[in-house]
$ cat target.cif   # mmCIF, C-alpha atoms
data_final
#
loop_
_atom_site.label_atom_id
_atom_site.label_comp_id
_atom_site.auth_asym_id
_atom_site.auth_seq_id
_atom_site.Cartn_x
_atom_site.Cartn_y
_atom_site.Cartn_z
CA MET A 1 0.00 0.00 0.00
CA GLU A 2 1.33 3.43 -0.95
CA ASN A 3 2.10 5.98 1.75
CA LYS A 4 -0.30 8.87 1.09
CA SER A 5 1.40 11.21 3.59
CA ASP A 6 4.28 11.68 1.10
CA ASN A 7 2.02 12.80 -1.76
CA LEU A 8 3.30 16.30 -2.52
CA GLY A 9 2.26 16.21 -6.16
CA SER A 10 -0.39 14.91 -8.44
CA SER A 11 2.15 12.78 -10.30
CA ALA A 12 2.44 10.15 -7.57
CA PRO A 13 4.29 7.03 -8.62
CA SER A 14 2.11 4.35 -10.12
CA ALA A 15 1.85 0.76 -8.93
CA GLY A 16 4.95 -0.13 -11.01
CA ARG A 17 6.93 2.64 -9.37
CA GLN A 18 10.68 2.96 -9.64
CA VAL A 19 12.62 2.63 -6.39
CA GLU A 20 16.20 3.78 -5.84
CA ARG A 21 17.81 1.13 -3.65
CA ALA A 22 19.67 2.10 -0.50
CA ASP A 23 23.44 2.24 -0.73
CA PRO A 24 24.87 0.52 2.37
CA ARG A 25 28.13 2.45 2.02
CA ALA A 26 26.27 5.77 1.93
CA ARG A 27 24.29 4.70 5.00
CA ARG A 28 27.47 3.83 6.92
CA ARG A 29 28.98 7.15 5.87
CA ALA A 30 25.89 9.07 7.03
CA VAL A 31 25.91 7.32 10.42
CA ALA A 32 29.63 7.99 10.78
CA LEU A 33 29.13 11.65 9.89
CA VAL A 34 26.37 12.06 12.46
CA ALA A 35 28.47 10.31 15.12
CA LEU A 36 31.51 12.42 14.23
CA GLY A 37 29.42 15.60 14.40
CA ALA A 38 28.00 14.64 17.80
CA ALA A 39 31.45 13.75 19.14
CA GLY A 40 32.88 16.98 17.75
CA GLY A 41 30.09 19.00 19.35
CA LEU A 42 30.67 17.32 22.70
CA LEU A 43 34.41 17.96 22.42
CA VAL A 44 33.87 21.65 21.63
CA PHE A 45 31.41 21.94 24.53
CA TRP A 46 33.87 20.29 26.92
CA VAL A 47 36.80 22.47 25.77
CA VAL A 48 34.77 25.67 26.07
CA GLN A 49 33.49 24.70 29.53
CA SER A 50 36.98 23.81 30.76
CA ARG A 51 38.55 26.98 29.31
CA LEU A 52 35.78 29.41 30.33
CA PRO A 53 37.60 30.81 33.40
CA ALA A 54 40.71 31.48 31.31
CA LEU A 55 38.56 33.13 28.61
CA LYS A 56 36.87 35.37 31.18
CA ALA A 57 40.25 36.32 32.60
CA TRP A 58 41.59 37.09 29.12
CA VAL A 59 38.62 39.35 28.33
CA ALA A 60 38.88 41.27 31.62
CA GLU A 61 42.71 41.39 31.63
CA ASP A 62 42.97 44.76 29.85
CA PRO A 63 40.01 47.16 30.26
CA VAL A 64 40.87 48.88 26.97
CA GLN A 65 40.67 45.57 25.10
CA VAL A 66 37.35 44.36 26.57
CA GLN A 67 35.20 45.63 23.69
CA PRO A 68 37.36 44.28 20.86
CA ARG A 69 37.74 40.94 22.62
CA LEU A 70 34.01 40.59 23.26
CA ARG A 71 33.35 41.51 19.62
CA LEU A 72 35.84 38.85 18.55
CA ILE A 73 34.12 36.23 20.72
CA ALA A 74 30.64 37.24 19.49
CA SER A 75 31.85 37.18 15.88
CA GLY A 76 33.35 33.73 16.35
CA LEU A 77 30.19 32.35 17.90
CA ALA A 78 28.02 33.91 15.20
CA ALA A 79 30.26 32.48 12.46
CA ALA A 80 30.26 29.05 14.12
CA ILE A 81 26.47 28.99 13.79
CA ALA A 82 25.93 30.89 10.52
CA VAL A 83 28.62 29.29 8.34
CA PRO A 84 27.37 25.67 8.63
CA THR A 85 23.81 26.92 8.13
CA LEU A 86 24.86 28.67 4.92
CA PHE A 87 26.68 25.52 3.75
CA PHE A 88 23.45 23.55 4.22
CA ALA A 89 21.54 26.26 2.37
CA ALA A 90 23.97 26.08 -0.55
CA TYR A 91 23.72 22.28 -0.61
CA PHE A 92 19.89 22.38 -0.62
CA TRP A 93 19.87 25.05 -3.34
CA ARG A 94 22.17 23.02 -5.59
CA LEU A 95 20.30 19.76 -4.90
CA GLY A 96 16.99 21.46 -5.68
CA GLY A 97 18.44 22.77 -8.93
CA ARG A 98 19.66 19.28 -9.89
CA VAL A 99 16.20 17.88 -9.16
CA ILE A 100 14.47 20.56 -11.25
CA ARG A 101 16.92 20.18 -14.17
CA SER A 102 16.77 16.37 -14.21
CA ASN A 103 13.01 16.29 -13.62
CA GLN A 104 13.66 13.44 -11.17
CA PHE A 105 13.85 13.12 -7.39
CA PRO A 106 16.26 11.87 -6.18
CA PRO A 107 18.38 13.13 -9.07
CA PRO A 108 20.30 10.61 -11.17
CA GLY A 109 23.50 9.41 -9.52
CA MET A 110 22.49 10.43 -6.01
CA ARG A 111 23.14 7.71 -3.45
CA VAL A 112 20.36 7.25 -0.90
CA ILE A 113 20.53 5.81 2.62
CA ARG A 114 17.17 4.03 2.41
CA ASP A 115 15.03 2.65 -0.39
CA THR A 116 13.47 5.72 -1.96
CA VAL A 117 10.62 6.06 -4.45
CA VAL A 118 11.79 7.97 -7.53
CA TRP A 119 9.52 10.84 -8.52
CA HIS A 120 9.35 12.21 -12.06
CA GLY A 121 7.65 15.21 -13.60
CA GLU A 122 5.78 17.79 -11.56
CA GLY A 123 6.16 15.85 -8.27
CA ALA A 124 9.94 15.91 -8.70
CA ARG A 125 10.03 19.58 -9.69
CA ARG A 126 7.86 20.45 -6.69
CA ARG A 127 10.36 18.70 -4.41
CA GLY A 128 13.19 20.60 -6.08
CA ARG A 129 11.42 23.90 -5.45
CA ILE A 130 10.77 22.88 -1.83
CA LEU A 131 14.50 22.19 -1.40
CA GLN A 132 15.33 25.60 -2.85
CA GLY A 133 12.72 27.21 -0.61
CA MET A 134 14.36 25.53 2.39
CA ALA A 135 17.70 26.93 1.18
CA LEU A 136 16.25 30.45 1.12
CA ILE A 137 14.75 30.01 4.58
CA LEU A 138 18.07 28.77 5.98
CA SER A 139 19.86 31.73 4.36
CA PHE A 140 17.39 34.18 5.90
CA ILE A 141 17.78 32.50 9.29
CA ALA A 142 21.58 32.77 9.10
CA GLY A 143 21.39 36.37 7.93
CA GLY A 144 18.84 37.24 10.60
CA PHE A 145 20.94 35.59 13.28
CA LEU A 146 24.04 37.53 12.20
CA THR A 147 22.05 40.77 12.14
CA ILE A 148 20.62 40.15 15.62
CA ILE A 149 24.05 39.34 17.08
CA TRP A 150 25.60 42.39 15.41
CA ARG A 151 22.83 44.69 16.71
CA LEU A 152 22.97 43.19 20.22
CA VAL A 153 26.73 43.68 20.42
CA ALA A 154 26.41 47.24 19.06
CA ALA A 155 23.65 48.04 21.57
CA LEU A 156 25.65 46.53 24.43
CA PHE A 157 28.70 48.64 23.65
CA LYS A 158 26.63 51.75 22.98
CA SER A 159 24.96 51.46 26.41
CA ARG A 160 28.33 50.75 28.11
CA SER A 161 30.05 53.71 26.44
CA GLY A 162 27.16 55.96 27.51
CA ARG A 163 27.79 55.08 31.17
CA SER A 164 31.48 56.04 31.11
#
$ encode --input "target.cif" --output "structure tokens"
Amino acid sequence: MENKSDNLGSSAPSAGRQVERADPRARRRAVALVALGAAGGLLVFWVVQSRLPALKAWVAEDPVQVQPRLRLIASGLAAAIAVPTLFFAAYFWRLGGRVIRSNQFPPPGMRVIRDTVVWHGEGARRRGRILQGMALILSFIAGGFLTIIWRLVAALFKSRSGRS
């Protein structure tokens, strides 16, 4: 029985639908990437937590350098969040373009981690446009995040310089 919850287009696959078989190597790679990302995140968290007192001391060490150092830290944190988000946005944009150009989802040559029904025609193009829409949303989120951080830091330093 066909899963109706995945019907994003009127050109749903017929009973003799084409299925792209899962690539076990791609699946192992995806699991390894997720595990590596989680381990890397835990390592970064642990290093930051263990070095926080030294970081606070470094920021407060020279009163003249407090603002530039806080700006550097805020810029680094903003980049650490925005850059990967923009990479995902670029990937989704390109993948959506490949889907639209090939008129097939997943596009030809793409390895999948589970058996996936291949969509052709309008259903595939719709999925390509959805991927590109997600890319735009991720780009706006990254840009909005950077703008908010920049304005918060500017407001913080503006209010601090007004007190002096």
$ atom_distance --input "target.cif" --atom1 "atom CA of A:Leu33" --atom2 "atom CA of A:Phe145"
25.5 Å
$ closest_residue --input "target.cif" --among "A:Leu70, A:Tyr91, A:Val99, A:Gly128" --to "A:Trp58" --atoms "only C-alpha atoms"
A:Leu70
$ resolve_selection --input "target.cif" --expression "the PyMOL selection byres ((chain A and resi 26) around 10)" --output "list in words"
Ala22, Asp23, Pro24, Arg25, Arg27, Arg28, Arg29, Ala30, Val31, Ala32, Met110, Arg111, Val112, Ile113 and Arg114 of chain A
$ write_last_selection --input "target.cif" --atoms "C-alpha atoms" --output "PDB file, keeping the file's coordinate frame"
ATOM      1  CA  ALA A  22      19.670   2.100  -0.500  1.00  0.00           C
ATOM      2  CA  ASP A  23      23.440   2.240  -0.730  1.00  0.00           C
ATOM      3  CA  PRO A  24      24.870   0.520   2.370  1.00  0.00           C
ATOM      4  CA  ARG A  25      28.130   2.450   2.020  1.00  0.00           C
ATOM      5  CA  ARG A  27      24.290   4.700   5.000  1.00  0.00           C
ATOM      6  CA  ARG A  28      27.470   3.830   6.920  1.00  0.00           C
ATOM      7  CA  ARG A  29      28.980   7.150   5.870  1.00  0.00           C
ATOM      8  CA  ALA A  30      25.890   9.070   7.030  1.00  0.00           C
ATOM      9  CA  VAL A  31      25.910   7.320  10.420  1.00  0.00           C
ATOM     10  CA  ALA A  32      29.630   7.990  10.780  1.00  0.00           C
ATOM     11  CA  MET A 110      22.490  10.430  -6.010  1.00  0.00           C
ATOM     12  CA  ARG A 111      23.140   7.710  -3.450  1.00  0.00           C
ATOM     13  CA  VAL A 112      20.360   7.250  -0.900  1.00  0.00           C
ATOM     14  CA  ILE A 113      20.530   5.810   2.620  1.00  0.00           C
ATOM     15  CA  ARG A 114      17.170   4.030   2.410  1.00  0.00           C
TER      16      ARG A 114
END
$ atom_distance --input "target.cif" --atom1 "atom CA of A:Trp46" --atom2 "atom CA of A:Phe88"
25.2 Å
$ resolve_selection --input "target.cif" --expression "the PyMOL selection byres ((chain A and resi 78) around 9)" --output "list in words"
Ile73, Ala74, Ser75, Gly76, Leu77, Ala79, Ala80, Ile81, Ala82, Val83, Ala142, Phe145, Leu146, Ile149 and Trp150 of chain A
$ closest_residue --input "target.cif" --among "A:Arg126, A:His120, A:Arg151, A:Lys158" --to "A:Arg17" --atoms "all atoms listed in the file"
A:His120
$ atom_distance --input "target.cif" --atom1 "atom CA of A:Asp115" --atom2 "atom CA of A:Arg21"
4.5 Å
$ closest_residue --input "target.cif" --among "A:Pro106, A:Val66, A:Ile137, A:Leu55" --to "A:Gly123" --atoms "only C-alpha atoms"
A:Pro106
$ axis_aligned_box --input "target.cif" --around "stretch 35-45 of chain A" --padding-each-side "3 Å" --output "lines of an AutoDock Vina configuration file"
center_x = 31.2
center_y = 16.1
center_z = 19.4
size_x = 12.4
size_y = 17.6
size_z = 16.3
$ closest_residue --input "target.cif" --among "A:Gly121, A:Trp93, A:Phe157, A:Ile100" --to "A:Gly133" --atoms "only C-alpha atoms"
A:Trp93
$ residues_around --input "target.cif" --residues "A:Pro107" --least-positions-apart "3" --cutoff "9 Å" --atoms "all atoms listed in the file" --output "MDAnalysis selection string"
chainID A and resid 95 98:104 110 118 124
$ resolve_selection --input "target.cif" --expression "the PyMOL selection byres ((chain A and resi 132) around 8)" --output "PDB file with C-alpha atoms, in the coordinates of the input"
ATOM      1  CA  PHE A  92      19.890  22.380  -0.620  1.00  0.00           C
ATOM      2  CA  TRP A  93      19.870  25.050  -3.340  1.00  0.00           C
ATOM      3  CA  ARG A  94      22.170  23.020  -5.590  1.00  0.00           C
ATOM      4  CA  LEU A  95      20.300  19.760  -4.900  1.00  0.00           C
ATOM      5  CA  GLY A  96      16.990  21.460  -5.680  1.00  0.00           C
ATOM      6  CA  GLY A  97      18.440  22.770  -8.930  1.00  0.00           C
ATOM      7  CA  GLY A 128      13.190  20.600  -6.080  1.00  0.00           C
ATOM      8  CA  ARG A 129      11.420  23.900  -5.450  1.00  0.00           C
ATOM      9  CA  ILE A 130      10.770  22.880  -1.830  1.00  0.00           C
ATOM     10  CA  LEU A 131      14.500  22.190  -1.400  1.00  0.00           C
ATOM     11  CA  GLY A 133      12.720  27.210  -0.610  1.00  0.00           C
ATOM     12  CA  MET A 134      14.360  25.530   2.390  1.00  0.00           C
ATOM     13  CA  ALA A 135      17.700  26.930   1.180  1.00  0.00           C
ATOM     14  CA  LEU A 136      16.250  30.450   1.120  1.00  0.00           C
TER      15      LEU A 136
END
$ closest_residue --input "target.cif" --among "A:Ile141, A:Val117, A:Leu156, A:Ala39" --to "A:Gln18" --atoms "only C-alpha atoms"
A:Val117
$ closest_residue --input "target.cif" --among "A:Ala54, A:Val59, A:Val153, A:Ala90" --to "A:Leu138" --atoms "all atoms listed in the file"
A:Ala90
$ decode --input "target.cif" --residues "stretch 85-102 of chain A" --atoms "N, CA, C and O atoms" --output "PDB file, in the first residue's frame"
ATOM      1  N   THR A  85      25.173  26.725   8.622  1.00  0.00           N
ATOM      2  CA  THR A  85      23.808  26.920   8.132  1.00  0.00           C
ATOM      3  C   THR A  85      23.827  27.356   6.666  1.00  0.00           C
ATOM      4  O   THR A  85      23.036  26.864   5.853  1.00  0.00           O
ATOM      5  N   LEU A  86      24.752  28.233   6.317  1.00  0.00           N
ATOM      6  CA  LEU A  86      24.863  28.673   4.925  1.00  0.00           C
ATOM      7  C   LEU A  86      25.372  27.551   4.019  1.00  0.00           C
ATOM      8  O   LEU A  86      24.977  27.464   2.852  1.00  0.00           O
ATOM      9  N   PHE A  87      26.239  26.685   4.534  1.00  0.00           N
ATOM     10  CA  PHE A  87      26.678  25.525   3.745  1.00  0.00           C
ATOM     11  C   PHE A  87      25.490  24.603   3.447  1.00  0.00           C
ATOM     12  O   PHE A  87      25.343  24.113   2.321  1.00  0.00           O
ATOM     13  N   PHE A  88      24.648  24.363   4.453  1.00  0.00           N
ATOM     14  CA  PHE A  88      23.455  23.546   4.219  1.00  0.00           C
ATOM     15  C   PHE A  88      22.532  24.221   3.210  1.00  0.00           C
ATOM     16  O   PHE A  88      21.947  23.558   2.353  1.00  0.00           O
ATOM     17  N   ALA A  89      22.389  25.532   3.319  1.00  0.00           N
ATOM     18  CA  ALA A  89      21.539  26.261   2.375  1.00  0.00           C
ATOM     19  C   ALA A  89      22.071  26.104   0.950  1.00  0.00           C
ATOM     20  O   ALA A  89      21.304  25.853   0.015  1.00  0.00           O
ATOM     21  N   ALA A  90      23.378  26.235   0.786  1.00  0.00           N
ATOM     22  CA  ALA A  90      23.972  26.084  -0.550  1.00  0.00           C
ATOM     23  C   ALA A  90      23.756  24.664  -1.078  1.00  0.00           C
ATOM     24  O   ALA A  90      23.438  24.473  -2.260  1.00  0.00           O
ATOM     25  N   TYR A  91      23.929  23.680  -0.198  1.00  0.00           N
ATOM     26  CA  TYR A  91      23.717  22.282  -0.608  1.00  0.00           C
ATOM     27  C   TYR A  91      22.274  22.073  -1.043  1.00  0.00           C
ATOM     28  O   TYR A  91      22.013  21.481  -2.095  1.00  0.00           O
ATOM     29  N   PHE A  92      21.301  22.540  -0.266  1.00  0.00           N
ATOM     30  CA  PHE A  92      19.888  22.376  -0.619  1.00  0.00           C
ATOM     31  C   PHE A  92      19.557  23.108  -1.918  1.00  0.00           C
ATOM     32  O   PHE A  92      18.770  22.620  -2.729  1.00  0.00           O
ATOM     33  N   TRP A  93      20.134  24.289  -2.121  1.00  0.00           N
ATOM     34  CA  TRP A  93      19.874  25.052  -3.341  1.00  0.00           C
ATOM     35  C   TRP A  93      20.367  24.276  -4.567  1.00  0.00           C
ATOM     36  O   TRP A  93      19.658  24.132  -5.558  1.00  0.00           O
ATOM     37  N   ARG A  94      21.599  23.769  -4.473  1.00  0.00           N
ATOM     38  CA  ARG A  94      22.167  23.020  -5.593  1.00  0.00           C
ATOM     39  C   ARG A  94      21.403  21.713  -5.833  1.00  0.00           C
ATOM     40  O   ARG A  94      21.145  21.347  -6.979  1.00  0.00           O
ATOM     41  N   LEU A  95      21.059  21.010  -4.750  1.00  0.00           N
ATOM     42  CA  LEU A  95      20.302  19.765  -4.896  1.00  0.00           C
ATOM     43  C   LEU A  95      18.946  20.045  -5.528  1.00  0.00           C
ATOM     44  O   LEU A  95      18.505  19.324  -6.436  1.00  0.00           O
ATOM     45  N   GLY A  96      18.271  21.090  -5.090  1.00  0.00           N
ATOM     46  CA  GLY A  96      16.986  21.456  -5.680  1.00  0.00           C
ATOM     47  C   GLY A  96      17.118  21.773  -7.161  1.00  0.00           C
ATOM     48  O   GLY A  96      16.280  21.371  -7.978  1.00  0.00           O
ATOM     49  N   GLY A  97      18.193  22.463  -7.521  1.00  0.00           N
ATOM     50  CA  GLY A  97      18.439  22.766  -8.927  1.00  0.00           C
ATOM     51  C   GLY A  97      18.675  21.504  -9.750  1.00  0.00           C
ATOM     52  O   GLY A  97      18.174  21.381 -10.880  1.00  0.00           O
ATOM     53  N   ARG A  98      19.429  20.556  -9.198  1.00  0.00           N
ATOM     54  CA  ARG A  98      19.656  19.281  -9.892  1.00  0.00           C
ATOM     55  C   ARG A  98      18.340  18.535 -10.096  1.00  0.00           C
ATOM     56  O   ARG A  98      18.109  17.941 -11.157  1.00  0.00           O
ATOM     57  N   VAL A  99      17.492  18.568  -9.065  1.00  0.00           N
ATOM     58  CA  VAL A  99      16.197  17.879  -9.161  1.00  0.00           C
ATOM     59  C   VAL A  99      15.346  18.530 -10.249  1.00  0.00           C
ATOM     60  O   VAL A  99      14.760  17.844 -11.096  1.00  0.00           O
ATOM     61  N   ILE A 100      15.294  19.847 -10.269  1.00  0.00           N
ATOM     62  CA  ILE A 100      14.474  20.561 -11.255  1.00  0.00           C
ATOM     63  C   ILE A 100      15.006  20.309 -12.671  1.00  0.00           C
ATOM     64  O   ILE A 100      14.230  20.024 -13.591  1.00  0.00           O
ATOM     65  N   ARG A 101      16.336  20.387 -12.839  1.00  0.00           N
ATOM     66  CA  ARG A 101      16.915  20.184 -14.174  1.00  0.00           C
ATOM     67  C   ARG A 101      16.727  18.747 -14.676  1.00  0.00           C
ATOM     68  O   ARG A 101      16.458  18.527 -15.851  1.00  0.00           O
ATOM     69  N   SER A 102      16.872  17.778 -13.778  1.00  0.00           N
ATOM     70  CA  SER A 102      16.765  16.375 -14.207  1.00  0.00           C
ATOM     71  C   SER A 102      15.322  15.892 -14.260  1.00  0.00           C
ATOM     72  O   SER A 102      15.052  14.828 -14.814  1.00  0.00           O
TER      73      SER A 102
END
